[in-house]
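*Asks:* Supplied in structure tokens, the structure appears directly below.
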Amino acid sequence: MAVGQELVVHPFSPVVDRHSRVLILGSLPSVKSRENHFYYGHPQNRFWKVLAGVCQAEVPVSVEEKKAFLLANGIAVWDVIASCRIVGSSDSSIRDVAANDVAGLLQDSRIEAVFCNGAKSWELYHRYCEKACQREAGKLPSTSPANAAWSPERLIKSWGEALLPYVGPGRKG
């Protein structure tokens with residue numbers, strides 16, 4: 001085991017309901033997200049600002065507001081990893097992955113499309129979930145602050161092009 005590597009078990013349930021039309025998958029909640037007890041809890045992560053921009057809504061702040069925002073806009077959120085060994089929040093240090101049952105979640109839902117937040121999530125989905133899910137996932141540019149090459153405006157445009165057929169203003173179903 002690498003120095004500083006710890007076994008992390010995914011601490012949150014997926015956010016999904018019968019109105020969810022799109023699933024956004026991350027890799028694993030960061031240390032900050034685990035401390036804040038919800039997805040994308042690092043204050044520098046642009047996930048909530050990007051989704052609010054795509055859906056033309058106010059940026060949700062509390063966990064309750066974030067859940068309500070996701071469900072009101074037809075968005076489900078979860079992560080590929082159920083447990084793994086990791087150093088801090090470093091995706092590059094992920095080892096010994098056990099995947100969440102994404103196929104089971106999709107089977108019991110009306111979700112029409114799956115997207116991954118960043119290359120690592122997409123790689124993990126492709127490796128551990130795609131065959132069981134029997135559907136490909138789209139790869140969206142990461143909202144992580146480590147992805148500094150992408151401005152918030154570019155992220156909103158890219159995410160909007162992918163998500164707007166399913167979520168937010170004018171969504172179907």
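Simple scheme: letters A, B, ... for chains in structure tokens order, numbers from 1 for residues in each chain, numbers from 1 for ligands in the order shown.
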Restrict the calculation to only C-alpha atoms, then for each residue of stretch 7-48 of chain A with any atom at most 9 Å from an atom of stretch 125-142 of chain A give the closest atom pair and their distance in Å to one decimal, rows by chain and rising residue number, as JSON lines.
*Replies:*
```
{"residue": "A:Leu25", "atom": "CA", "partner": "A:Tyr125", "partner_atom": "CA", "distance": 8.3}
{"residue": "A:Ser27", "atom": "CA", "partner": "A:Tyr125", "partner_atom": "CA", "distance": 8.4}
{"residue": "A:Arg46", "atom": "CA", "partner": "A:Ser142", "partner_atom": "CA", "distance": 8.8}
{"residue": "A:Phe47", "atom": "CA", "partner": "A:Ser142", "partner_atom": "CA", "distance": 8.4}
```
*Asks:* Please run DSSP on the backbone and report, as an MDAnalysis selection string, all residues within chain A that come out as helix (DSSP H, G or I).
*Replies:* chainID A and resid 31:36 47:55 63:72 91:93 102:107 119:128 130:133 152:163
*Asks:* Do a neighbour search on A:Arg85 at 6 Å with only C-alpha atoms, toss out local chain neighbours closer than 3 positions, and write the hits as a ChimeraX atom specification.
*Replies:* /A:5-7,94-96
*Asks:* With N, CA, C and O atoms kept, could you save the residues just selected as a PDB file, in the first residue's frame?
*Replies:*
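Contents of result35.pdb, freshly written:
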```pdb
ATOM      1  N   GLN A   5      -1.989   6.200   1.744  1.00  0.00           N
ATOM      2  CA  GLN A   5      -3.171   5.654   1.100  1.00  0.00           C
ATOM      3  C   GLN A   5      -4.098   5.044   2.144  1.00  0.00           C
ATOM      4  O   GLN A   5      -3.652   4.371   3.061  1.00  0.00           O
ATOM      5  N   GLU A   6      -5.397   5.345   2.027  1.00  0.00           N
ATOM      6  CA  GLU A   6      -6.369   4.794   2.964  1.00  0.00           C
ATOM      7  C   GLU A   6      -7.525   4.179   2.190  1.00  0.00           C
ATOM      8  O   GLU A   6      -7.795   4.549   1.052  1.00  0.00           O
ATOM      9  N   LEU A   7      -8.193   3.235   2.847  1.00  0.00           N
ATOM     10  CA  LEU A   7      -9.385   2.643   2.260  1.00  0.00           C
ATOM     11  C   LEU A   7     -10.544   3.596   2.511  1.00  0.00           C
ATOM     12  O   LEU A   7     -10.816   3.970   3.656  1.00  0.00           O
ATOM     13  N   ILE A  94      -5.781   6.315  -7.038  1.00  0.00           N
ATOM     14  CA  ILE A  94      -6.853   5.333  -6.817  1.00  0.00           C
ATOM     15  C   ILE A  94      -6.364   3.928  -7.159  1.00  0.00           C
ATOM     16  O   ILE A  94      -5.819   3.681  -8.230  1.00  0.00           O
ATOM     17  N   ARG A  95      -6.599   3.009  -6.230  1.00  0.00           N
ATOM     18  CA  ARG A  95      -6.239   1.593  -6.391  1.00  0.00           C
ATOM     19  C   ARG A  95      -7.341   0.726  -5.789  1.00  0.00           C
ATOM     20  O   ARG A  95      -8.113   1.184  -4.963  1.00  0.00           O
ATOM     21  N   ASP A  96      -7.365  -0.540  -6.171  1.00  0.00           N
ATOM     22  CA  ASP A  96      -8.260  -1.536  -5.575  1.00  0.00           C
ATOM     23  C   ASP A  96      -9.717  -1.081  -5.589  1.00  0.00           C
ATOM     24  O   ASP A  96     -10.407  -1.056  -4.569  1.00  0.00           O
TER      25      ASP A  96
END
```
*Asks:* Could you work out how far atom CA of A:Gln56 lies from atom CA of A:Gly160, giving the answer in Å with one decimal?
*Replies:*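 Spanning atom CA of A:Gly160 to atom CA of A:Gln56 is a straight-line distance of 10.3 Å.
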*Asks:* With only C-alpha atoms as the atoms that count, which of A:Val54, A:Ala148, A:Ala72, A:Ala82 lies nearest to A:Asn100?
*Replies:* A:Ala82
*Asks:* Quote the spacing between atom CA of A:Gln44 and atom CA of A:Ser30 in Å to one decimal place.
*Replies:*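 Atom CA of A:Ser30 lies 11.7 Å from atom CA of A:Gln44.
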*Asks:* Would you mind telling me which residue in A:His19, A:Arg154, A:Arg110, A:His10 lies nearest to A:Ala68 when using only C-alpha atoms?
*Replies:*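 Closest to A:Ala68 of all the choices is A:His19.
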*Asks:* DSSP on the backbone, strand (DSSP E or B) only: what residues of stretch 15-163 of chain A does that give? Format it as a ChimeraX atom specification.
*Replies:* /A:15,22-26,75-79,81-87,95-99,113-117,138-140
*Asks:* Between A:Val87, A:Tyr40, A:Val167, A:Ser92, which is the closest to A:Arg21 once you count only C-alpha atoms?
*Replies:*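 Once distances to A:Arg21 are computed over only C-alpha atoms, the minimum belongs to A:Val167.
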*Asks:* Between A:Ser83, A:Ser89, A:Asn73, A:Asn117, which is the closest to A:Val15 once you count only C-alpha atoms?
*Replies:* A:Asn73
*Asks:* My list of candidates is A:Ser90, A:Ser62, A:Ser151, A:Ser121. Which is closest to A:Asn36 when distances are computed with only C-alpha atoms?
*Replies:*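 For A:Asn36, the nearest of the given residues is A:Ser62.
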